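Below is one structure, written out as structure tokens, with a few remarks after it.
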Amino acid sequence: MKLQSIQLPLLFVLILVIGHSQRPEQRHHSGARNGLDLLAMARSYPHPVLPDTGYAPAFSEFSAGRFLAKSSNIPPWRAIGPNLIGGRTLALAIDPDDPDIIWAGSASGGIWRSTSAGIGPQAWQRIETGFPTTSVAAIALSPADPNVIFIGTGEVYGSPESFPGVGRRTTRGSYGIGILKSTDGGQTWQKSLDWSYNQRRGVQDISFNPLNANTIWAATTEGTFRSQDGGASWQKMHDVVMATSVVVSALDTSIINIACGGMSSPGHGLYRSTDGGMSWQKSDLDADGPQTFRGKAILSQSASQPNILYASIGNSDGDFSREFGTWLLRSDDSGASWRTVNTLDYARYQGWYSHYAGVSPHNADLVVCGGVPLFLSRDGGETLEEIRGTVEDIADPNWLHVDHHAVAFHPQDSLTFYLATDGGIYRTTDGGRTFQHCNDGYQTTQFYAGFSSSVLDSSLAMGGMQDNFSAIYQGDLIWRRVIGGDGSWSAMNQADNDMLFGSSQYLRVYKSVDRGRRWKRLNLPRGWESNFIAPFLLSPADNTTMYAGASVVFRSEDAGETWTVTNNSTMLDDGNPVITMAASAYDARVVYAATSPLYQRSGVFITRDAGESWQKITTGLPDRFPTDIFIDPGDHNIAYISFAGFGSPHLFRTLNGGITWLAIDEGIPDVPAWSVAVDPFNSRILYLGNDLGIFTSTDGGTSWQPWSEGLPDAVFAMDLSLSPANKSLRVATHGNGVFERPLLSTDPELQTPDLPKSITLLPAFPNPAIMPGTSRLRFYLPQAGKSSLHIYDITGRLVAELLNQELPPGWHDTTWNGKNTAGLSAGNGLYLYILRHGSTVLSGKLMLLR
């Protein structure tokens with residue numbers, strides 16, 4: 001097969017252009033907004049918004065469970081990367097007394113600190129607060145003592161008033177718990193503004209009174225707040241919602257300027273107080289400035305000339321069908337008046353999401369304007385020069401990422417400043433001519449579902465990340481970025497790991513036959529609506545049949561070269577697009593699929609004839625957003641499905657192909673669940689990933705306990721992936737990269753499960769059995785007696801005799817090496833393994849691949 005070579009820089013440009021435009025039937029929103037839409041809808045559905053509370057109480061329950069959980073005999077989770085690839089970062093702060101100490105707030109990976117100026121191996125450490133601190137949008141160090149630190153939590157881009165009805169789901173990135181405070185440089189933390197029971201709220205900026213460190217201001221989704229007692233109490237000083245920025249004048253601390261706005265939120269604009277916040281006036285932004293805007297506004301104050309302020313105002317809410325625009329404004333009189341100095345549209349379609357104008361503390365005319373790309377002005381904003389850095393290869397860690405959220409200037413070196421982007425943190429030491437990544441050890445990437453691991457090679461895995469492309473794990477912390485855009489689902493040929501599949505947003509699927517060096521896009525049928533992160537899979541039964549999910553399900557019988565529409569080209573669920581899928585381990589015709597509730601409640605379906613027909617199997621399942629399906633490798637009638645949302649069970653199992661379902665999550669805190677897996681060596685051991693971490697059951701789902709040793713205090717466990725080659729489980733998180741841990745079945749205390757009361761034959765593993773290799777067969781005999789275990793082909797012809805002898809009671813193990821009775825290699829295909837003991841006959845199916 002001839003494979004077209006695609007150069008990475010060109011590929012990225014193509015995806016950047018088309019990745020933010022959808023098919024005609026889809027809403028024309030930016031990729032960032034669509035990614036937020038998907039997760040926000042999953043968490044809130046069937047309600048238009050998240051409940052007021054849920055996450056913080058669940059975290060308390062989770063933390064208590066972690067403390068009481070039985071200690072495991074296996075090592076804790078360990079981070080496996082990706083290193084050098086940072087995730088979305090919202091805030092930066094530099095210690096003025098020791099500029100090597102830098103604080104970073106990530107979008108869903110918590111608060112981080114570097115003591116080496118962000119440079120060097122493992123330059124960052126995640127700081128645990130003892131609270132569910134996943135999203136940090138604001139960081140402020142006290143001017144009196146930089147060991148006193150305030151952080152604001154929650155990532156929010158619009159208020160409820162911005163989007164009445166269902167649209168309100170689109171505005172949220174993560175949970176907020178208010179403001180936390182540390183007085184000892186981050187060693188311990190306490191609540192300052194406690195919004196644990198108001199998880200929809202966010203804190204977007206925090207500023208100290210430069211002359212009185214006990215007075216602190218906070219710009220929040222609920223308005224502007226002030227504390228006059230070092231954060232012990234707070235009072236709302238301004239009611240306009242979606243306050244995004246607050247500046248206290250260093251010349252006269254009774255002068256406060258604030259910016260408000262987020263997705264056309266009511267009252268948006270700039271406001272000024274000259275009496276310490278007792279009264280406010282809306283600022284006149286002059287005839288050339290915006291009279292109204294749909295994005296957000298960000299303020300900055302010159303430290304060298306505090307009378308000079310800059311305002312960056314964006315006019316996009318992420319909707320491509322509406323006009324974009326950016327205004328750079330300047331005030332030379334502490335905000336009393338404003339003039340528009342530039343209208344170059346550096347924020348573009350991200351005017352609601354990522355832009356700013358940061359002024360150097362050393363030069364009031366040096367302004368860094370971050371938006372989609374980066375711009376620099378040396379004349380007070382009158383002219384803007386685009387800054388791209390010197391690295392063009394997007395696979396190079398020093399390639400300067402787009403979508404800029406914040407800037408922090410070195411307090412002593414005028415040529416050095418740091419950038420916070422969707423791709424982590426970057427530094428320049430030459431005034432912006434060159435940039436160096438600061439992402440070594442900063443494990444904050446946001447993985448989506450669809451992570452895949454090789455069955456044969458423990459050093460090979462692949463997954464997709466928010467705005468950071470897809471990446472291939474190669475056995476160490478340094479991963480290789482591929483494809484482009486928002487990475488999505490992945491798959492690999494488990495008999496030939498040179499064949500890999502990856503994807504980007506809206507089901508753009510790519511194939512490589514050289515282990516990811518070159519890629520070509522597969523030609524799936526067009527014109528059907530898909531989710532932003534849409535599933536596809538390669539059947540493990542034959543490593544040839546593929547399925548991909550949109551509002552219809554596509555099938556390929558030649559590893560993606562050609563495709564057809566299943567179900568007689570009829571939509572699977574009246575327009576609802578497929579959100580997750582799973583395939584039988586031994587029968588390529590059997591697939592489960594679940595849809596997202598885009599037009600009506602979601603549905604769950606099964607096909608047993610390669611998609612010629614689908615049966616709806618939703619009865620008994622809740623009206624919530626489905627997130628993952630796992631099929632028992634030994635019996636595809638046994639399957640598990642997880643659900644997001646609040647106020648409902650989150651994990652169900654069927655033993656009969658979906659005819660009936662049973663909730664099996666008793667004891668798991670009520671937060672969205674994202675992923676489920678079954679231990680391949682002990683099917684009574686289950687794993688569940690949710691918005692807190694990992695839970696495990698050793699009794700088939702009857703009881704659960706946390707299993708998060710080695711993970712952050714709270715982590716979004718987006719996908720679970722089995723790595724049989726090293727008997728490990730991997731969790732791909734949305735905010736903290738990927739972790740790995742030995743399977744619980746490797747614990748000596750759990751290698752022998754509770755003794756069954758009758759003869760038991762466990763599923764073969766691995767299944768499919770990849771040759772050369774072996775598949776393990778394990779069975780239990782309650783009484784001694786003659787037993788036999790044979791392999792047959794699907795015609796009933798004997799292929800191999802594995803044992804035929806008297807056996808004592810207890811567990812027994814044997815393996816099949818894929819050879820027949822003559823010692824010759826059996827061909828590819830489906831086989832039966834049959835255990836006989838007395839009058840009892842048990843059987844299972846095993847797929848053999850070479």
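The chains in the structure tokens are called A, B, ... from first to last as shown; in each chain the residues are counted from 1, and the ligands are counted from 1 in the order shown.
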
Write out as JSON, numbers by chain the residues lying within 12 Å of A:Asn828, counting only C-alpha atoms and excluding same-chain residues fewer than 5 positions away. {"A": [495, 541, 542, 543, 586, 768, 769, 770, 771, 772, 793, 794, 818, 819, 846, 847, 848, 849, 850]}

For stretch 709-717 of chain A, find every residue with an atom within 7 Å (counting only C-alpha atoms), except residues of its own chain fewer than 5 positions away, and show them as a JSON list (two decimals) with all heavy atoms, in the first residue's frame.
[["chain", "number", "residue", "atom", "x", "y", "z"],
["A", 76, "PRO", "N", 2.48, 2.38, 43.81],
["A", 76, "PRO", "CA", 1.46, 3.38, 43.47],
["A", 76, "PRO", "C", 1.55, 3.76, 42.00],
["A", 76, "PRO", "O", 2.43, 3.32, 41.25],
["A", 76, "PRO", "CB", 1.83, 4.57, 44.36],
["A", 76, "PRO", "CG", 3.31, 4.43, 44.56],
["A", 76, "PRO", "CD", 3.57, 2.96, 44.60],
["A", 77, "TRP", "N", 0.61, 4.61, 41.58],
["A", 77, "TRP", "CA", 0.64, 5.15, 40.22],
["A", 77, "TRP", "C", 1.93, 5.94, 40.01],
["A", 77, "TRP", "O", 2.41, 6.63, 40.91],
["A", 77, "TRP", "CB", -0.54, 6.08, 39.98],
["A", 77, "TRP", "CG", -1.88, 5.40, 39.98],
["A", 77, "TRP", "CD1", -2.74, 5.26, 41.03],
["A", 77, "TRP", "CD2", -2.52, 4.77, 38.86],
["A", 77, "TRP", "NE1", -3.87, 4.58, 40.64],
["A", 77, "TRP", "CE2", -3.76, 4.26, 39.31],
["A", 77, "TRP", "CE3", -2.16, 4.58, 37.53],
["A", 77, "TRP", "CZ2", -4.64, 3.60, 38.48],
["A", 77, "TRP", "CZ3", -3.04, 3.91, 36.68],
["A", 77, "TRP", "CH2", -4.27, 3.42, 37.16],
["A", 78, "ARG", "N", 2.48, 5.84, 38.82],
["A", 78, "ARG", "CA", 3.65, 6.65, 38.46],
["A", 78, "ARG", "C", 3.38, 7.37, 37.14],
["A", 78, "ARG", "O", 2.73, 6.83, 36.24],
["A", 78, "ARG", "CB", 4.91, 5.78, 38.34],
["A", 78, "ARG", "CG", 4.89, 4.81, 37.17],
["A", 78, "ARG", "CD", 6.19, 3.99, 37.10],
["A", 78, "ARG", "NE", 6.18, 3.11, 35.94],
["A", 78, "ARG", "CZ", 6.68, 3.42, 34.75],
["A", 78, "ARG", "NH1", 7.23, 4.62, 34.57],
["A", 78, "ARG", "NH2", 6.63, 2.57, 33.73],
["A", 128, "GLU", "N", 0.03, 20.06, 46.06],
["A", 128, "GLU", "CA", -1.25, 19.57, 46.56],
["A", 128, "GLU", "C", -1.77, 20.51, 47.65],
["A", 128, "GLU", "O", -1.02, 20.88, 48.56],
["A", 128, "GLU", "CB", -1.11, 18.15, 47.09],
["A", 128, "GLU", "CG", -0.58, 17.15, 46.08],
["A", 128, "GLU", "CD", -1.46, 17.00, 44.85],
["A", 128, "GLU", "OE1", -2.63, 17.41, 44.89],
["A", 128, "GLU", "OE2", -0.96, 16.48, 43.83],
["A", 130, "GLY", "N", -4.79, 19.88, 49.36],
["A", 130, "GLY", "CA", -5.72, 19.22, 50.26],
["A", 130, "GLY", "C", -7.17, 19.46, 49.87],
["A", 130, "GLY", "O", -8.09, 18.99, 50.56],
["A", 132, "PRO", "N", -9.96, 19.89, 46.20],
["A", 132, "PRO", "CA", -10.06, 19.49, 44.79],
["A", 132, "PRO", "C", -9.71, 20.65, 43.87],
["A", 132, "PRO", "O", -10.56, 21.21, 43.16],
["A", 132, "PRO", "CB", -11.52, 19.06, 44.65],
["A", 132, "PRO", "CG", -12.26, 19.86, 45.67],
["A", 132, "PRO", "CD", -11.30, 20.00, 46.83],
["A", 134, "THR", "N", -8.42, 21.62, 40.82],
["A", 134, "THR", "CA", -8.08, 21.18, 39.47],
["A", 134, "THR", "C", -7.81, 22.36, 38.55],
["A", 134, "THR", "O", -6.86, 22.34, 37.77],
["A", 134, "THR", "CB", -9.20, 20.31, 38.90],
["A", 134, "THR", "OG1", -10.45, 21.03, 38.99],
["A", 134, "THR", "CG2", -9.32, 19.00, 39.68],
["A", 674, "TRP", "N", -16.00, 8.56, 33.77],
["A", 674, "TRP", "CA", -15.53, 8.67, 32.40],
["A", 674, "TRP", "C", -15.07, 7.35, 31.80],
["A", 674, "TRP", "O", -15.06, 7.21, 30.57],
["A", 674, "TRP", "CB", -14.36, 9.66, 32.33],
["A", 674, "TRP", "CG", -14.71, 11.03, 32.78],
["A", 674, "TRP", "CD1", -14.32, 11.63, 33.95],
["A", 674, "TRP", "CD2", -15.52, 12.00, 32.10],
["A", 674, "TRP", "NE1", -14.84, 12.92, 34.03],
["A", 674, "TRP", "CE2", -15.58, 13.16, 32.91],
["A", 674, "TRP", "CE3", -16.21, 11.98, 30.88],
["A", 674, "TRP", "CZ2", -16.29, 14.30, 32.53],
["A", 674, "TRP", "CZ3", -16.93, 13.11, 30.50],
["A", 674, "TRP", "CH2", -16.96, 14.26, 31.32],
["A", 689, "GLY", "N", -12.88, 5.11, 36.45],
["A", 689, "GLY", "CA", -12.27, 6.43, 36.53],
["A", 689, "GLY", "C", -13.33, 7.50, 36.48],
["A", 689, "GLY", "O", -14.24, 7.45, 35.64],
["A", 690, "ASN", "N", -13.22, 8.50, 37.39],
["A", 690, "ASN", "CA", -14.20, 9.58, 37.39],
["A", 690, "ASN", "C", -13.52, 10.92, 37.63],
["A", 690, "ASN", "O", -12.30, 11.03, 37.49],
["A", 690, "ASN", "CB", -15.33, 9.30, 38.40],
["A", 690, "ASN", "CG", -14.86, 9.25, 39.85],
["A", 690, "ASN", "OD1", -13.75, 9.68, 40.19],
["A", 690, "ASN", "ND2", -15.69, 8.72, 40.73],
["A", 691, "ASP", "N", -14.30, 11.94, 38.00],
["A", 691, "ASP", "CA", -13.76, 13.28, 38.18],
["A", 691, "ASP", "C", -12.94, 13.43, 39.46],
["A", 691, "ASP", "O", -12.46, 14.53, 39.75],
["A", 691, "ASP", "CB", -14.89, 14.31, 38.17],
["A", 691, "ASP", "CG", -15.10, 14.92, 36.79],
["A", 691, "ASP", "OD1", -14.26, 14.70, 35.91],
["A", 691, "ASP", "OD2", -16.10, 15.64, 36.60],
["A", 692, "LEU", "N", -12.77, 12.37, 40.22],
["A", 692, "LEU", "CA", -11.95, 12.41, 41.43],
["A", 692, "LEU", "C", -10.68, 11.59, 41.27],
["A", 692, "LEU", "O", -9.63, 11.96, 41.80],
["A", 692, "LEU", "CB", -12.75, 11.89, 42.63],
["A", 692, "LEU", "CG", -13.95, 12.73, 43.03],
["A", 692, "LEU", "CD1", -14.80, 11.98, 44.06],
["A", 692, "LEU", "CD2", -13.50, 14.08, 43.60],
["A", 693, "GLY", "N", -10.77, 10.45, 40.60],
["A", 693, "GLY", "CA", -9.63, 9.57, 40.47],
["A", 693, "GLY", "C", -10.06, 8.19, 40.06],
["A", 693, "GLY", "O", -10.98, 8.02, 39.26],
["A", 694, "ILE", "N", -9.42, 7.17, 40.63],
["A", 694, "ILE", "CA", -9.66, 5.78, 40.27],
["A", 694, "ILE", "C", -10.26, 5.03, 41.45],
["A", 694, "ILE", "O", -9.81, 5.19, 42.60],
["A", 694, "ILE", "CB", -8.34, 5.08, 39.85],
["A", 694, "ILE", "CG1", -7.63, 5.90, 38.78],
["A", 694, "ILE", "CG2", -8.64, 3.67, 39.35],
["A", 694, "ILE", "CD1", -8.41, 6.07, 37.50],
["A", 731, "VAL", "N", -3.99, 5.27, 33.10],
["A", 731, "VAL", "CA", -5.08, 6.24, 33.14],
["A", 731, "VAL", "C", -4.63, 7.48, 32.40],
["A", 731, "VAL", "O", -3.58, 8.06, 32.70],
["A", 731, "VAL", "CB", -5.51, 6.57, 34.58],
["A", 731, "VAL", "CG1", -4.35, 7.06, 35.44],
["A", 731, "VAL", "CG2", -6.63, 7.62, 34.57],
["A", 732, "ALA", "N", -5.39, 7.84, 31.36],
["A", 732, "ALA", "CA", -5.16, 9.07, 30.62],
["A", 732, "ALA", "C", -6.07, 10.13, 31.23],
["A", 732, "ALA", "O", -7.30, 10.02, 31.16],
["A", 732, "ALA", "CB", -5.47, 8.87, 29.14],
["A", 733, "THR", "N", -5.48, 11.14, 31.83],
["A", 733, "THR", "CA", -6.24, 12.15, 32.57],
["A", 733, "THR", "C", -6.45, 13.39, 31.71],
["A", 733, "THR", "O", -5.68, 13.68, 30.80],
["A", 733, "THR", "CB", -5.54, 12.54, 33.88],
["A", 733, "THR", "OG1", -4.42, 13.40, 33.57],
["A", 733, "THR", "CG2", -5.06, 11.32, 34.64],
["A", 734, "HIS", "N", -7.46, 14.15, 32.06],
["A", 734, "HIS", "CA", -7.73, 15.42, 31.40],
["A", 734, "HIS", "C", -7.18, 16.53, 32.29],
["A", 734, "HIS", "O", -7.91, 17.20, 33.01],
["A", 734, "HIS", "CB", -9.22, 15.60, 31.16],
["A", 734, "HIS", "CG", -9.55, 16.70, 30.19],
["A", 734, "HIS", "ND1", -9.37, 16.57, 28.83],
["A", 734, "HIS", "CD2", -10.04, 17.95, 30.38],
["A", 734, "HIS", "CE1", -9.72, 17.69, 28.23],
["A", 734, "HIS", "NE2", -10.14, 18.54, 29.15],
["A", 735, "GLY", "N", -5.85, 16.67, 32.24],
["A", 735, "GLY", "CA", -5.22, 17.72, 33.03],
["A", 735, "GLY", "C", -3.90, 17.35, 33.64],
["A", 735, "GLY", "O", -3.11, 18.23, 34.00]]

Residue contacts of A:Arg427 (12 Å, only C-alpha atoms) excluding same-chain residues fewer than 6 positions away, as a PyMOL selection string: chain A and resi 92+102+117-119+389+398-401+407-410+415-421+433-439

Show which residues sit within 10 Å of A:Ser642, as a VMD selection string. Count only C-alpha atoms, and ignore same-chain residues fewer than 4 positions away. chain A and resid 624 to 630 649 to 653 663 665 672 to 676 688 to 690

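The coordinates place atom CA of A:Thr815 at 4.5 Å from atom CA of A:Arg776.
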
re atom CA of A:Thr618 and atom CA of A:Asp587: distance 22.1 Å

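Comparing A:Ile659, A:Ile791, A:Ala639, A:Leu598 by their smallest distance to A:Lys616, the closest is A:Ile659 (using only C-alpha atoms).
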
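The protein and nucleic acid residues lying at most 7 Å from A:Asn567 are A:Gly611, A:Glu612, A:Ser613, A:Trp614, with only C-alpha atoms considered and sequence neighbours fewer than 4 positions away removed.
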
Those residues you just picked out, can you put them in a file as a PDB file, in the first residue's frame with all heavy atoms?
ATOM      1  N   GLY A 611     -23.322  -4.355  11.726  1.00  0.00           N
ATOM      2  CA  GLY A 611     -23.992  -3.093  11.477  1.00  0.00           C
ATOM      3  C   GLY A 611     -25.128  -3.147  10.488  1.00  0.00           C
ATOM      4  O   GLY A 611     -25.742  -2.111  10.207  1.00  0.00           O
ATOM      5  N   GLU A 612     -25.416  -4.310   9.956  1.00  0.00           N
ATOM      6  CA  GLU A 612     -26.571  -4.402   9.057  1.00  0.00           C
ATOM      7  C   GLU A 612     -27.848  -4.013   9.796  1.00  0.00           C
ATOM      8  O   GLU A 612     -28.766  -3.416   9.228  1.00  0.00           O
ATOM      9  CB  GLU A 612     -26.685  -5.820   8.495  1.00  0.00           C
ATOM     10  CG  GLU A 612     -25.552  -6.209   7.564  1.00  0.00           C
ATOM     11  CD  GLU A 612     -25.438  -5.285   6.371  1.00  0.00           C
ATOM     12  OE1 GLU A 612     -26.490  -4.956   5.768  1.00  0.00           O
ATOM     13  OE2 GLU A 612     -24.306  -4.869   6.043  1.00  0.00           O
ATOM     14  N   SER A 613     -27.893  -4.338  11.068  1.00  0.00           N
ATOM     15  CA  SER A 613     -29.017  -3.921  11.911  1.00  0.00           C
ATOM     16  C   SER A 613     -28.479  -3.617  13.299  1.00  0.00           C
ATOM     17  O   SER A 613     -27.448  -4.154  13.716  1.00  0.00           O
ATOM     18  CB  SER A 613     -30.084  -5.013  11.983  1.00  0.00           C
ATOM     19  OG  SER A 613     -29.555  -6.197  12.574  1.00  0.00           O
ATOM     20  N   TRP A 614     -29.178  -2.738  14.004  1.00  0.00           N
ATOM     21  CA  TRP A 614     -28.805  -2.359  15.365  1.00  0.00           C
ATOM     22  C   TRP A 614     -30.033  -2.489  16.259  1.00  0.00           C
ATOM     23  O   TRP A 614     -31.140  -2.135  15.843  1.00  0.00           O
ATOM     24  CB  TRP A 614     -28.298  -0.913  15.410  1.00  0.00           C
ATOM     25  CG  TRP A 614     -27.004  -0.700  14.694  1.00  0.00           C
ATOM     26  CD1 TRP A 614     -26.818  -0.497  13.350  1.00  0.00           C
ATOM     27  CD2 TRP A 614     -25.706  -0.665  15.278  1.00  0.00           C
ATOM     28  NE1 TRP A 614     -25.487  -0.329  13.065  1.00  0.00           N
ATOM     29  CE2 TRP A 614     -24.770  -0.423  14.233  1.00  0.00           C
ATOM     30  CE3 TRP A 614     -25.224  -0.790  16.587  1.00  0.00           C
ATOM     31  CZ2 TRP A 614     -23.405  -0.319  14.451  1.00  0.00           C
ATOM     32  CZ3 TRP A 614     -23.855  -0.688  16.814  1.00  0.00           C
ATOM     33  CH2 TRP A 614     -22.965  -0.467  15.752  1.00  0.00           C
TER      34      TRP A 614
END

Contacts of A:Asn804 at 7 Å (only C-alpha atoms; same-chain gap of 3+ positions) as number ranges by chain: A: 787-789

Export of the given selection (C-alpha atoms) as a PDB file, in the first residue's frame:
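The result, written out as out-v6.pdb:
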ATOM      1  CA  SER A 787     -10.785 -33.174  33.679  1.00  0.00           C
ATOM      2  CA  SER A 788     -10.003 -32.358  30.081  1.00  0.00           C
ATOM      3  CA  LEU A 789      -9.452 -29.134  28.199  1.00  0.00           C
TER       4      LEU A 789
END

Given only C-alpha atoms as the basis, pick out the residue of A:Gln783, A:Ser192, A:Thr220, A:Ser377 nearest to A:Ser233. A:Ser192

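Distances to A:His790 were evaluated for A:Leu777, A:Ile139, A:Ile94, A:Val240 using only C-alpha atoms, and the minimum falls at A:Leu777.
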
Name the residues of stretch 290-512 of chain A that fall into strand (DSSP E or B) according to DSSP on the backbone, using the chain letters and numbers of this document, as a VMD selection string. chain A and resid 297 to 301 309 to 314 319 326 to 331 339 to 342 356 to 359 367 to 370 374 to 377 385 to 387 404 to 409 417 to 421 424 to 428 436 to 437 446 to 447 452 to 453 461 to 465 470 to 473 478 480 to 482 487 491 to 492 500 to 504 508 to 512

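For the choices A:Gly231, A:Gly87, A:Pro809, A:Gly31, the atom-to-atom distance to A:Thr444 is smallest for A:Gly87 when using only C-alpha atoms.
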
Atom CA of A:Phe469 to atom CA of A:Gly484, straight-line distance in Å: 4.2 Å

Residue neighbourhood A:Trp563, 10 Å, only C-alpha atoms, exclusion window fewer than 6 positions, as number ranges by chain: A: 522-525, 546-548, 554-557

Output file for the residues above (N, CA and C atoms, as a PDB file, in the first residue's frame):
ATOM      1  N   LEU A 522      -7.898   9.083   6.148  1.00  0.00           N
ATOM      2  CA  LEU A 522      -8.826   8.105   5.600  1.00  0.00           C
ATOM      3  C   LEU A 522     -10.085   8.809   5.098  1.00  0.00           C
ATOM      4  N   ASN A 523     -10.654   8.261   4.061  1.00  0.00           N
ATOM      5  CA  ASN A 523     -11.770   8.911   3.375  1.00  0.00           C
ATOM      6  C   ASN A 523     -13.102   8.372   3.896  1.00  0.00           C
ATOM      7  N   LEU A 524     -13.494   8.817   5.070  1.00  0.00           N
ATOM      8  CA  LEU A 524     -14.799   8.434   5.601  1.00  0.00           C
ATOM      9  C   LEU A 524     -15.895   9.205   4.872  1.00  0.00           C
ATOM     10  N   PRO A 525     -17.077   8.632   4.777  1.00  0.00           N
ATOM     11  CA  PRO A 525     -18.181   9.349   4.121  1.00  0.00           C
ATOM     12  C   PRO A 525     -18.461  10.692   4.800  1.00  0.00           C
ATOM     13  N   MET A 546     -13.062  -2.127  10.836  1.00  0.00           N
ATOM     14  CA  MET A 546     -13.107  -0.876  11.587  1.00  0.00           C
ATOM     15  C   MET A 546     -14.545  -0.357  11.635  1.00  0.00           C
ATOM     16  N   TYR A 547     -14.845   0.367  12.689  1.00  0.00           N
ATOM     17  CA  TYR A 547     -16.114   1.069  12.840  1.00  0.00           C
ATOM     18  C   TYR A 547     -15.813   2.496  13.293  1.00  0.00           C
ATOM     19  N   ALA A 548     -16.624   3.435  12.863  1.00  0.00           N
ATOM     20  CA  ALA A 548     -16.486   4.829  13.265  1.00  0.00           C
ATOM     21  C   ALA A 548     -17.874   5.404  13.479  1.00  0.00           C
ATOM     22  N   PHE A 554     -20.093   4.034  10.507  1.00  0.00           N
ATOM     23  CA  PHE A 554     -19.389   3.610   9.305  1.00  0.00           C
ATOM     24  C   PHE A 554     -18.650   2.293   9.585  1.00  0.00           C
ATOM     25  N   ARG A 555     -18.469   1.504   8.529  1.00  0.00           N
ATOM     26  CA  ARG A 555     -17.708   0.261   8.657  1.00  0.00           C
ATOM     27  C   ARG A 555     -16.712   0.148   7.514  1.00  0.00           C
ATOM     28  N   SER A 556     -15.531  -0.350   7.852  1.00  0.00           N
ATOM     29  CA  SER A 556     -14.521  -0.672   6.854  1.00  0.00           C
ATOM     30  C   SER A 556     -14.090  -2.116   7.055  1.00  0.00           C
ATOM     31  N   GLU A 557     -13.911  -2.831   5.957  1.00  0.00           N
ATOM     32  CA  GLU A 557     -13.471  -4.228   6.034  1.00  0.00           C
ATOM     33  C   GLU A 557     -12.043  -4.394   5.541  1.00  0.00           C
TER      34      GLU A 557
END

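Comparing A:Asn34, A:Ser453, A:Gln305, A:Ser207 by their smallest distance to A:Leu720, the closest is A:Ser453 (using only C-alpha atoms).
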